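**Student:** Input data.tsv, format and content: TSV, C-alpha atoms.
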```
chain	number	residue	atom	x	y	z
A	1147	MET	CA	252.83	100.39	195.01
A	1148	ARG	CA	254.40	103.72	194.03
A	1149	ASP	CA	255.79	104.17	197.57
A	1150	LEU	CA	257.33	100.68	197.60
A	1151	LEU	CA	259.46	100.97	194.47
A	1152	ASP	CA	262.66	102.18	196.16
A	1153	ASP	CA	262.68	99.30	198.66
A	1154	ILE	CA	261.66	96.76	196.02
A	1155	ASP	CA	264.54	97.91	193.80
A	1156	ARG	CA	266.97	97.65	196.71
A	1157	TRP	CA	265.81	94.08	197.39
A	1158	ARG	CA	266.02	93.19	193.71
A	1159	ASN	CA	269.58	94.50	193.59
A	1160	GLN	CA	270.39	92.27	196.57
A	1161	GLY	CA	268.95	89.32	194.63
A	1162	LYS	CA	266.10	88.79	197.11
A	1163	ARG	CA	262.91	87.05	196.06
A	1164	ILE	CA	259.86	89.24	196.67
A	1165	ALA	CA	256.10	88.74	196.97
A	1166	ILE	CA	253.65	91.60	196.56
A	1167	ALA	CA	250.14	91.78	198.02
A	1168	ARG	CA	247.66	94.28	196.58
A	1169	VAL	CA	244.12	95.13	197.65
A	1170	VAL	CA	242.02	94.28	194.57
A	1171	ASP	CA	238.56	94.78	196.05
A	1172	THR	CA	236.88	95.95	199.25
A	1173	GLN	CA	233.36	95.73	200.64
A	1174	GLY	CA	231.88	97.80	203.43
A	1175	SER	CA	234.00	99.87	205.70
A	1176	GLY	CA	237.71	99.46	205.18
A	1177	PRO	CA	240.79	101.45	206.03
A	1178	ARG	CA	242.61	101.21	202.69
A	1179	GLU	CA	241.55	101.66	199.08
A	1180	THR	CA	242.09	99.26	196.17
A	1181	GLY	CA	245.70	99.35	195.05
A	1182	ALA	CA	247.05	99.59	198.62
A	1183	ALA	CA	250.07	97.30	198.63
A	1184	MET	CA	252.72	95.67	200.70
A	1185	ALA	CA	255.80	93.70	199.76
A	1186	VAL	CA	257.57	90.89	201.62
A	1187	ASN	CA	261.01	89.53	200.80
A	1188	GLU	CA	262.29	86.01	201.34
A	1189	ASP	CA	263.89	87.06	204.65
A	1190	GLY	CA	260.51	88.18	205.97
A	1191	GLU	CA	261.22	91.92	205.69
A	1192	VAL	CA	258.04	93.90	205.09
A	1193	ILE	CA	257.21	97.28	203.54
A	1194	GLY	CA	253.85	98.99	203.00
A	1195	SER	CA	250.46	98.03	204.40
A	1196	VAL	CA	247.07	96.82	203.18
A	1197	SER	CA	244.83	97.52	206.18
A	1198	GLY	CA	245.01	99.38	209.45
A	1199	GLY	CA	247.32	96.71	210.82
A	1200	CYS	CA	244.58	94.06	211.20
A	1201	VAL	CA	245.69	91.51	208.62
A	1202	GLU	CA	249.33	92.30	207.84
A	1203	GLY	CA	250.66	89.40	209.93
A	1204	ALA	CA	248.55	86.87	208.05
A	1205	VAL	CA	249.55	88.43	204.71
A	1206	VAL	CA	253.24	87.97	205.57
A	1207	SER	CA	252.66	84.25	206.36
A	1208	GLU	CA	250.80	83.77	203.08
A	1209	ALA	CA	253.45	85.70	201.11
A	1210	LEU	CA	256.25	83.59	202.58
A	1211	ALA	CA	254.31	80.38	201.82
A	1212	ILE	CA	253.97	81.54	198.19
A	1213	LEU	CA	257.68	82.39	197.96
A	1214	ALA	CA	258.48	78.95	199.42
A	1215	GLY	CA	256.36	77.30	196.71
A	1216	GLU	CA	253.90	75.92	199.27
A	1217	ASN	CA	251.01	78.00	197.94
A	1218	GLU	CA	250.08	79.32	194.50
A	1219	SER	CA	249.49	83.00	193.74
A	1220	ARG	CA	245.88	83.67	194.62
A	1221	VAL	CA	243.21	85.97	195.95
A	1222	VAL	CA	242.82	85.80	199.72
A	1223	THR	CA	239.91	87.35	201.57
A	1224	PHE	CA	239.85	88.83	205.03
A	1225	GLY	CA	236.68	89.77	206.85
A	1226	TYR	CA	234.27	88.50	209.45
A	1227	SER	CA	231.35	87.87	207.15
A	1228	ASP	CA	233.16	85.41	204.88
A	1229	ASP	CA	232.97	81.80	206.07
A	1230	GLU	CA	236.12	80.84	204.26
A	1231	ALA	CA	238.07	83.84	205.45
A	1232	PHE	CA	241.25	83.54	207.39
A	1233	ALA	CA	241.02	83.47	211.16
A	1234	VAL	CA	241.75	87.18	211.24
A	1235	GLY	CA	239.19	89.86	210.70
A	1236	LEU	CA	239.03	93.56	210.24
A	1237	THR	CA	237.91	95.39	213.34
A	1238	CYS	CA	235.90	97.76	211.13
A	1239	GLY	CA	233.71	94.89	209.92
A	1240	GLY	CA	234.70	95.36	206.28
A	1241	ILE	CA	235.99	92.76	203.83
A	1242	ILE	CA	239.17	93.06	201.77
A	1243	HIS	CA	240.32	90.88	198.91
A	1244	LEU	CA	244.06	90.74	198.28
A	1245	PHE	CA	246.00	89.25	195.42
A	1246	ILE	CA	249.36	87.90	196.52
A	1247	GLN	CA	251.98	86.87	193.97
A	1248	PRO	CA	255.74	86.58	193.60
A	1249	LEU	CA	257.25	89.57	191.78
A	1250	GLU	CA	258.40	87.54	188.78
A	1251	TRP	CA	257.22	89.67	185.91
B	716	MET	CA	266.04	91.71	178.55
B	717	THR	CA	264.27	94.42	180.53
B	718	SER	CA	261.49	92.99	182.68
B	719	THR	CA	257.94	94.33	182.70
B	720	TYR	CA	258.53	95.41	186.30
B	721	GLU	CA	261.54	97.52	185.32
B	722	LEU	CA	259.65	99.18	182.47
B	723	PHE	CA	256.67	99.76	184.75
B	724	SER	CA	258.63	101.20	187.68
B	725	ALA	CA	260.62	103.55	185.42
B	726	ARG	CA	257.33	104.82	184.04
B	727	VAL	CA	255.83	105.40	187.52
B	728	ARG	CA	258.97	107.22	188.64
B	729	GLU	CA	258.67	109.61	185.70
B	730	ASN	CA	255.05	110.30	186.73
B	731	LEU	CA	253.81	109.00	183.38
B	732	PRO	CA	250.49	107.10	183.20
B	733	VAL	CA	250.62	103.30	183.18
B	734	ALA	CA	248.04	100.59	183.91
B	735	LEU	CA	249.13	97.28	185.39
B	736	CYS	CA	246.82	94.41	184.39
B	737	THR	CA	247.17	91.17	186.36
B	738	VAL	CA	245.24	87.89	186.03
B	739	ILE	CA	244.08	87.22	189.60
B	740	GLU	CA	241.94	84.18	188.76
B	741	GLY	CA	241.79	81.84	185.77
B	742	PRO	CA	244.39	80.38	183.42
B	743	HIS	CA	247.79	82.09	183.79
B	744	THR	CA	247.03	83.51	187.24
B	745	GLY	CA	249.72	86.07	188.04
B	746	ALA	CA	250.38	86.95	184.37
B	747	THR	CA	250.87	90.68	183.96
B	748	LEU	CA	250.47	93.18	181.13
B	749	ALA	CA	251.53	96.83	181.39
B	750	ILE	CA	249.65	99.33	179.22
B	751	THR	CA	250.34	102.99	178.46
B	752	PRO	CA	248.40	105.45	176.27
B	753	GLU	CA	251.14	104.84	173.68
B	754	GLY	CA	250.52	101.07	173.65
B	755	VAL	CA	251.71	97.87	175.29
B	756	LEU	CA	254.72	98.50	177.54
B	757	GLY	CA	255.43	94.84	178.28
B	758	GLY	CA	254.13	91.47	179.43
B	759	SER	CA	251.18	89.33	178.38
B	760	LEU	CA	248.15	87.69	179.99
B	761	GLY	CA	248.77	84.48	178.07
B	762	ASP	CA	246.39	84.95	175.14
B	763	PRO	CA	246.77	87.53	172.35
B	764	GLN	CA	243.02	88.18	172.08
B	765	LEU	CA	242.71	88.64	175.85
B	766	ASP	CA	245.71	91.00	175.75
B	767	ARG	CA	244.07	93.07	173.03
B	768	ILE	CA	240.72	93.43	174.81
B	769	VAL	CA	242.23	94.09	178.25
B	770	ALA	CA	244.58	96.69	176.75
B	771	ARG	CA	241.58	98.48	175.26
B	772	ASP	CA	239.68	98.47	178.58
B	773	ALA	CA	242.74	99.41	180.61
B	774	LEU	CA	243.14	102.58	178.55
B	775	GLY	CA	239.65	103.66	179.60
B	776	GLU	CA	240.40	102.92	183.25
B	777	LEU	CA	243.69	104.80	183.01
B	778	GLU	CA	241.98	107.80	181.45
B	779	ALA	CA	239.61	107.95	184.44
B	780	ALA	CA	242.38	107.10	186.96
B	781	ARG	CA	240.27	104.08	188.02
B	782	THR	CA	241.39	100.79	189.54
B	783	ALA	CA	239.04	97.79	189.29
B	784	VAL	CA	238.63	94.05	188.72
B	785	ARG	CA	237.22	93.16	185.27
B	786	HIS	CA	235.86	89.82	184.01
B	787	TYR	CA	236.58	88.16	180.67
B	788	GLY	CA	236.40	84.86	178.88
B	789	PRO	CA	239.71	83.08	178.24
B	790	GLN	CA	240.04	84.80	174.84
B	791	GLY	CA	238.89	88.20	176.05
B	792	GLN	CA	235.14	87.64	175.61
B	793	SER	CA	233.43	90.43	177.47
B	794	THR	CA	229.70	90.47	176.66
B	795	PRO	CA	227.34	88.68	179.08
B	796	GLU	CA	226.26	86.24	176.29
B	797	ASP	CA	229.86	85.38	175.49
B	798	LEU	CA	230.64	84.81	179.14
B	799	GLU	CA	227.79	82.35	179.65
B	800	ASN	CA	229.04	78.79	180.14
B	801	THR	CA	232.66	79.76	179.84
B	802	ALA	CA	235.45	79.89	182.37
B	803	THR	CA	236.03	83.37	183.72
B	804	VAL	CA	239.30	85.22	183.84
B	805	ARG	CA	239.40	87.96	186.46
B	806	VAL	CA	241.84	90.74	185.70
B	807	PHE	CA	242.90	93.40	188.20
B	808	VAL	CA	243.48	96.65	186.32
B	809	GLU	CA	245.43	99.10	188.45
B	810	SER	CA	245.87	102.65	187.18
B	811	PHE	CA	248.98	104.61	188.03
B	812	SER	CA	248.16	108.16	187.04
B	813	PRO	CA	250.41	111.18	187.39
B	814	PRO	CA	249.88	112.83	190.78
B	815	PRO	CA	247.23	115.55	191.03
B	816	ARG	CA	248.52	119.10	190.78
B	817	MET	CA	248.31	121.89	193.31
B	818	TRP	CA	249.24	125.39	192.24
B	819	ILE	CA	249.76	127.79	195.12
B	820	PHE	CA	249.84	131.51	194.33
B	821	GLY	CA	251.70	133.68	196.81
B	822	ALA	CA	255.06	132.90	198.44
B	823	VAL	CA	254.04	133.38	202.07
B	824	ASP	CA	254.38	131.34	205.30
B	825	PHE	CA	250.97	129.76	204.70
B	826	THR	CA	252.33	128.54	201.38
B	827	ALA	CA	255.17	126.58	202.99
B	828	ALA	CA	252.77	124.85	205.39
B	829	LEU	CA	250.23	124.11	202.64
B	830	ALA	CA	252.94	122.77	200.32
B	831	ARG	CA	254.13	120.41	203.08
B	832	VAL	CA	250.63	119.07	203.77
B	833	ALA	CA	249.87	118.78	200.04
B	834	LYS	CA	252.99	116.65	199.59
B	835	VAL	CA	251.72	114.28	202.29
B	836	LEU	CA	248.56	113.86	200.21
B	837	GLY	CA	250.58	113.11	197.07
B	838	TYR	CA	250.18	116.37	195.16
B	839	HIS	CA	252.70	117.70	192.68
B	840	VAL	CA	253.10	121.20	194.13
B	841	THR	CA	253.95	124.36	192.20
B	842	VAL	CA	254.48	127.67	194.06
B	843	ILE	CA	254.01	130.81	191.98
B	844	ASP	CA	254.81	134.41	192.92
B	845	ALA	CA	255.94	137.40	190.87
B	846	ARG	CA	258.43	138.54	193.52
B	847	GLU	CA	261.81	137.05	192.80
B	848	ILE	CA	263.16	137.44	196.34
B	849	PHE	CA	260.27	135.47	197.85
B	850	ALA	CA	259.68	132.82	195.21
B	851	THR	CA	262.82	130.77	195.83
B	852	LYS	CA	263.47	127.05	196.12
B	853	ARG	CA	265.33	127.79	199.34
B	854	ARG	CA	262.16	129.09	201.00
B	855	PHE	CA	260.03	126.25	199.58
B	856	PRO	CA	262.28	123.18	199.45
B	857	MET	CA	259.21	120.91	199.77
B	858	ALA	CA	257.63	122.26	196.56
B	859	ASP	CA	258.24	120.35	193.36
B	860	GLU	CA	258.58	123.60	191.47
B	861	VAL	CA	258.87	127.32	192.28
B	862	VAL	CA	257.96	129.71	189.47
B	863	VAL	CA	258.63	133.47	189.39
B	864	SER	CA	255.71	134.82	187.40
B	865	TRP	CA	252.49	136.76	187.42
B	866	PRO	CA	249.46	134.46	187.37
B	867	SER	CA	248.28	135.06	183.81
B	868	PRO	CA	251.29	133.70	181.88
B	869	VAL	CA	251.27	130.49	183.95
B	870	PHE	CA	247.60	129.89	183.15
B	871	GLU	CA	248.17	130.74	179.48
B	872	GLN	CA	251.05	128.29	179.21
B	873	ARG	CA	249.64	125.37	181.17
B	874	GLY	CA	246.14	126.09	182.45
B	875	HIS	CA	244.87	123.40	180.05
B	876	LEU	CA	246.64	120.78	182.17
B	877	LEU	CA	244.39	121.43	185.19
B	878	GLY	CA	241.49	119.01	185.64
B	879	SER	CA	239.11	117.26	187.97
B	880	ARG	CA	241.79	116.07	190.43
B	881	ASP	CA	243.70	119.34	190.68
B	882	ALA	CA	243.61	122.38	192.96
B	883	VAL	CA	244.47	126.08	192.72
B	884	CYS	CA	245.05	127.87	196.03
B	885	ILE	CA	245.37	131.65	195.87
B	886	LEU	CA	247.02	132.85	199.08
B	887	THR	CA	248.24	136.26	197.89
B	888	HIS	CA	245.27	138.18	199.35
B	889	ASP	CA	246.35	141.11	197.22
B	890	PRO	CA	243.81	142.15	194.57
B	891	LYS	CA	246.65	142.87	192.10
B	892	PHE	CA	247.40	139.14	192.05
B	893	ASP	CA	244.29	137.35	193.17
B	894	VAL	CA	241.72	138.88	190.81
B	895	PRO	CA	243.63	137.91	187.64
B	896	ALA	CA	244.45	134.51	189.17
B	897	ILE	CA	240.76	133.85	189.96
B	898	GLN	CA	239.67	134.95	186.48
B	899	ALA	CA	242.21	132.67	184.84
B	900	ALA	CA	241.47	129.74	187.17
B	901	LEU	CA	237.75	129.97	186.39
B	902	ARG	CA	238.56	129.52	182.70
B	903	THR	CA	240.16	126.12	183.45
B	904	SER	CA	238.35	122.93	184.48
B	905	VAL	CA	240.28	122.72	187.78
B	906	ALA	CA	238.25	121.04	190.55
B	907	TYR	CA	239.11	123.33	193.44
B	908	ILE	CA	239.76	127.06	193.55
B	909	GLY	CA	240.42	128.38	197.06
B	910	VAL	CA	241.09	132.04	197.80
B	911	MET	CA	242.50	133.29	201.08
B	912	GLY	CA	241.34	136.37	202.94
B	913	SER	CA	239.25	137.67	205.80
B	914	ARG	CA	235.50	138.05	205.37
B	915	LYS	CA	236.16	141.76	204.69
B	916	THR	CA	238.76	140.93	202.02
B	917	HIS	CA	236.36	138.42	200.53
B	918	ALA	CA	233.57	141.04	200.30
B	919	LYS	CA	235.89	143.57	198.65
B	920	ARG	CA	237.17	140.91	196.30
B	921	LEU	CA	233.64	140.10	195.16
B	922	GLU	CA	233.21	143.80	194.28
B	923	ARG	CA	236.45	143.81	192.31
B	924	LEU	CA	235.50	140.60	190.52
B	925	ALA	CA	232.13	142.13	189.60
B	926	GLU	CA	234.00	145.16	188.18
B	927	VAL	CA	235.91	142.89	185.78
B	928	GLY	CA	232.72	141.01	184.85
B	929	VAL	CA	232.93	137.95	187.12
B	930	ALA	CA	229.48	137.90	188.77
B	931	ASP	CA	227.75	134.75	187.51
B	932	PRO	CA	226.60	132.88	190.67
B	933	ALA	CA	227.47	129.52	189.10
B	934	GLU	CA	231.02	130.73	188.51
B	935	LEU	CA	231.33	132.24	191.97
B	936	ALA	CA	230.06	128.98	193.49
B	937	ARG	CA	233.23	127.33	192.18
B	938	LEU	CA	235.28	129.52	194.51
B	939	SER	CA	236.10	128.36	198.02
B	940	SER	CA	236.40	131.80	199.56
B	941	PRO	CA	237.41	132.50	202.23
B	942	ILE	CA	239.53	129.37	201.74
B	943	GLY	CA	239.33	126.42	204.16
B	944	LEU	CA	237.03	124.70	206.65
B	945	ASP	CA	235.79	126.47	209.77
B	946	LEU	CA	238.18	124.77	212.22
B	947	GLY	CA	238.98	127.92	214.14
B	948	GLY	CA	242.69	127.38	213.44
B	949	ARG	CA	245.14	130.23	213.16
B	950	THR	CA	248.68	129.05	212.44
B	951	PRO	CA	249.90	128.36	208.89
B	952	GLU	CA	249.90	124.62	209.65
B	953	GLU	CA	246.35	124.63	211.04
B	954	THR	CA	245.22	126.69	208.06
B	955	ALA	CA	246.88	124.20	205.69
B	956	ILE	CA	244.95	121.34	207.29
B	957	SER	CA	241.68	123.27	206.96
B	958	ILE	CA	242.41	123.88	203.25
B	959	VAL	CA	243.19	120.26	202.35
B	960	GLY	CA	240.21	119.21	204.51
B	961	GLU	CA	238.00	121.42	202.36
B	962	ILE	CA	239.51	119.99	199.15
B	963	ILE	CA	238.69	116.44	200.29
B	964	ALA	CA	235.19	117.37	201.50
B	965	ARG	CA	234.33	119.20	198.25
B	966	ARG	CA	235.59	116.30	196.16
B	967	ASN	CA	233.28	113.94	198.06
B	968	ASN	CA	230.36	116.37	198.34
B	969	ARG	CA	230.47	116.28	202.12
B	970	ALA	CA	229.65	119.07	204.56
B	971	ALA	CA	232.65	118.12	206.75
B	972	ALA	CA	230.64	117.77	209.96
B	973	PRO	CA	232.08	115.53	212.73
B	974	LEU	CA	231.19	111.85	212.07
B	975	GLY	CA	229.87	111.70	215.63
B	976	THR	CA	227.07	114.06	214.65
B	977	THR	CA	226.11	112.29	211.40
B	978	ASP	CA	225.08	108.80	210.33
B	979	GLY	CA	225.33	106.81	207.12
B	980	ALA	CA	228.31	105.30	205.32
B	981	ILE	CA	231.68	106.77	206.28
B	982	HIS	CA	233.43	106.24	202.94
```
Once you've parsed the file, please lay out its structure as structure tokens.
**Tutor:**
Amino acid sequence: MRDLLDDIDRWRNQGKRIAIARVVDTQGSGPRETGAAMAVNEDGEVIGSVSGGCVEGAVVSEALAILAGENESRVVTFGYSDDEAFAVGLTCGGIIHLFIQPLEW
Amino acid sequence: MTSTYELFSARVRENLPVALCTVIEGPHTGATLAITPEGVLGGSLGDPQLDRIVARDALGELEAARTAVRHYGPQGQSTPEDLENTATVRVFVESFSPPPRMWIFGAVDFTAALARVAKVLGYHVTVIDAREIFATKRRFPMADEVVVSWPSPVFEQRGHLLGSRDAVCILTHDPKFDVPAIQAALRTSVAYIGVMGSRKTHAKRLERLAEVGVADPAELARLSSPIGLDLGGRTPEETAISIVGEIIARRNNRAAAPLGTTDGAIH
């Protein structure tokens, strides 16, 4: 999240609502470590990344749904071996768990 | 009122340690508590007992620069017996530690390339050389700090700061500088000590080190000398890559062979 602070501050100064997604756990092979983060503002602008580009699109949709009040903050899981996972997987075969929440703290 | 985010981001910008604790499952999902070694910076997880226990655990994680999910009961219960038959609160504890340090001795072309690559990897880079005309911020704009000094005073003043995430790279390949720098670096608990030079320079250096009493094989095993992986590179930039490659490989106890020639887990 360290690398995102400048952009997050710029968005905050513009009064934008922001959601942040952080990798909280990984299993198996995965491109990014826990703590990898991305942020999405209400206009759909995106900074940072949480995988090698495999799941970012789905994270943006989820982040926007949370900002719109359609979904609650929650852990979402991406990976082929999880039955309840989103319809996107990681090409490396790993599993990542992300926590997505509005930046309201 | 200043938000927890503002307090947290100011702290990260100053490179001071802070742990961000977030409830990711359970009552008050999304609640956040920021902890520093000096105490609670801001926020709450929704229960004073839970705050107290998580703050205690977060300090340990921060000390070790670890990031992990921890499980508690709603009031911070943390023993397996306590957690039986109770709802679980999962808390993501994310450590923001100051960046690791790299000290580079010798203000040469290899130094500029190494400083650039080290910045990419997130190091706080200090360039040290006794020669005032070479050790300038103008020659090393990418370094966080350029110090005009002989090695010994720098180690005396702040050698105690070096630890298991840090690196010392001695690129002077001049015995006047590198022998005292090696001696001083060996007295710290720095993870990586790399020393530049040809195989001939390395052999001569071992003789000189023996003359000043550095001959213990365990001590010498801490030295990466000649510095870097055997990539066959030549330019300062290629050399820089071979040095940081060696730092990563040593940290992970890997031999740095191509993955295509090995099997087993990659990470």
**Student:** Neighbours of region 1188-1191 of chain A within 7 Å (all atoms listed in the file; same-chain residues fewer than 4 positions away dropped), as a PyMOL selection string?
**Tutor:** chain A and resi 1162-1164+1210+1213
**Student:** Just write the chosen residues, C-alpha atoms, as an mmCIF file, in the frame of the given file.
**Tutor:**
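Heads up, here's the output in again11.cif:
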```cif
data_model
loop_
_atom_site.group_PDB
_atom_site.id
_atom_site.type_symbol
_atom_site.label_atom_id
_atom_site.label_comp_id
_atom_site.auth_asym_id
_atom_site.auth_seq_id
_atom_site.Cartn_x
_atom_site.Cartn_y
_atom_site.Cartn_z
ATOM 1 C CA LYS A 1162 266.100 88.790 197.110
ATOM 2 C CA ARG A 1163 262.910 87.050 196.060
ATOM 3 C CA ILE A 1164 259.860 89.240 196.670
ATOM 4 C CA LEU A 1210 256.250 83.590 202.580
ATOM 5 C CA LEU A 1213 257.680 82.390 197.960
#
```
**Student:** Between CA of Thr737 (chain B) and CA of Ser810 (chain B), what is the spacing in Å?
**Tutor:**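 Separating CA of Ser810 (chain B) from CA of Thr737 (chain B) is a distance of 11.6 Å.
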**Student:** Within 8 Å of chain A, which residues belong to chain B? Use only C-alpha atoms and report them as a VMD selection string.
**Tutor:** chain B and resid 718 to 720 724 727 to 728 739 to 740 744 to 747 758 782 to 784 807 809 980 to 982
**Student:** So what do you get for CA of Val959 (chain B) versus CA of Ile819 (chain B), distance-wise?
**Tutor:**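 That distance, rounded to one decimal, is 12.3 Å.
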**Student:** Find the residues around region 886-903 of chain B up to 8 Å (all atoms listed in the file counted), leave out those fewer than 2 positions away in its own chain, and share them as a PyMOL selection string.
**Tutor:** chain B and resi 819-823+825-826+865-867+870+874-875+877-878+883-884+905+908+910-912+916+920+923-924+929+934+937
**Student:** Figure out the distance between CA of Arg785 (chain B) and CA of Gln764 (chain B), please, to one decimal in Å.
**Tutor:**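 It comes out at 15.2 Å.
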**Student:** For each of A:Asn1217, A:Ser1207, A:Ser1197, A:Thr1172, take the minimum atom-to-atom distance to Ile1242 (chain A), counting only C-alpha atoms, then give the residue where this is smallest.
**Tutor:**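 Among A:Asn1217, A:Ser1207, A:Ser1197, A:Thr1172, it is A:Thr1172 that comes nearest to Ile1242 (chain A).
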**Student:** For region 768-772 of chain B, list every protein, DNA or RNA residue within 12 Å, evaluated using all atoms listed in the file, and leave out those in the same chain fewer than 3 positions away; present the list as a ChimeraX atom specification.
**Tutor:** /B:733-738,747-765,775-779,781-794,804-810
**Student:** Around region 815-830 of chain B, with edges along x, y and z and 8 Å added on all six sides, what centre and edge lengths do you get, in Å to one decimal, as JSON?
**Tutor:**
```
{"center_x": 251.2, "center_y": 124.6, "center_z": 198.1, "size_x": 23.9, "size_y": 34.1, "size_z": 30.6}
```
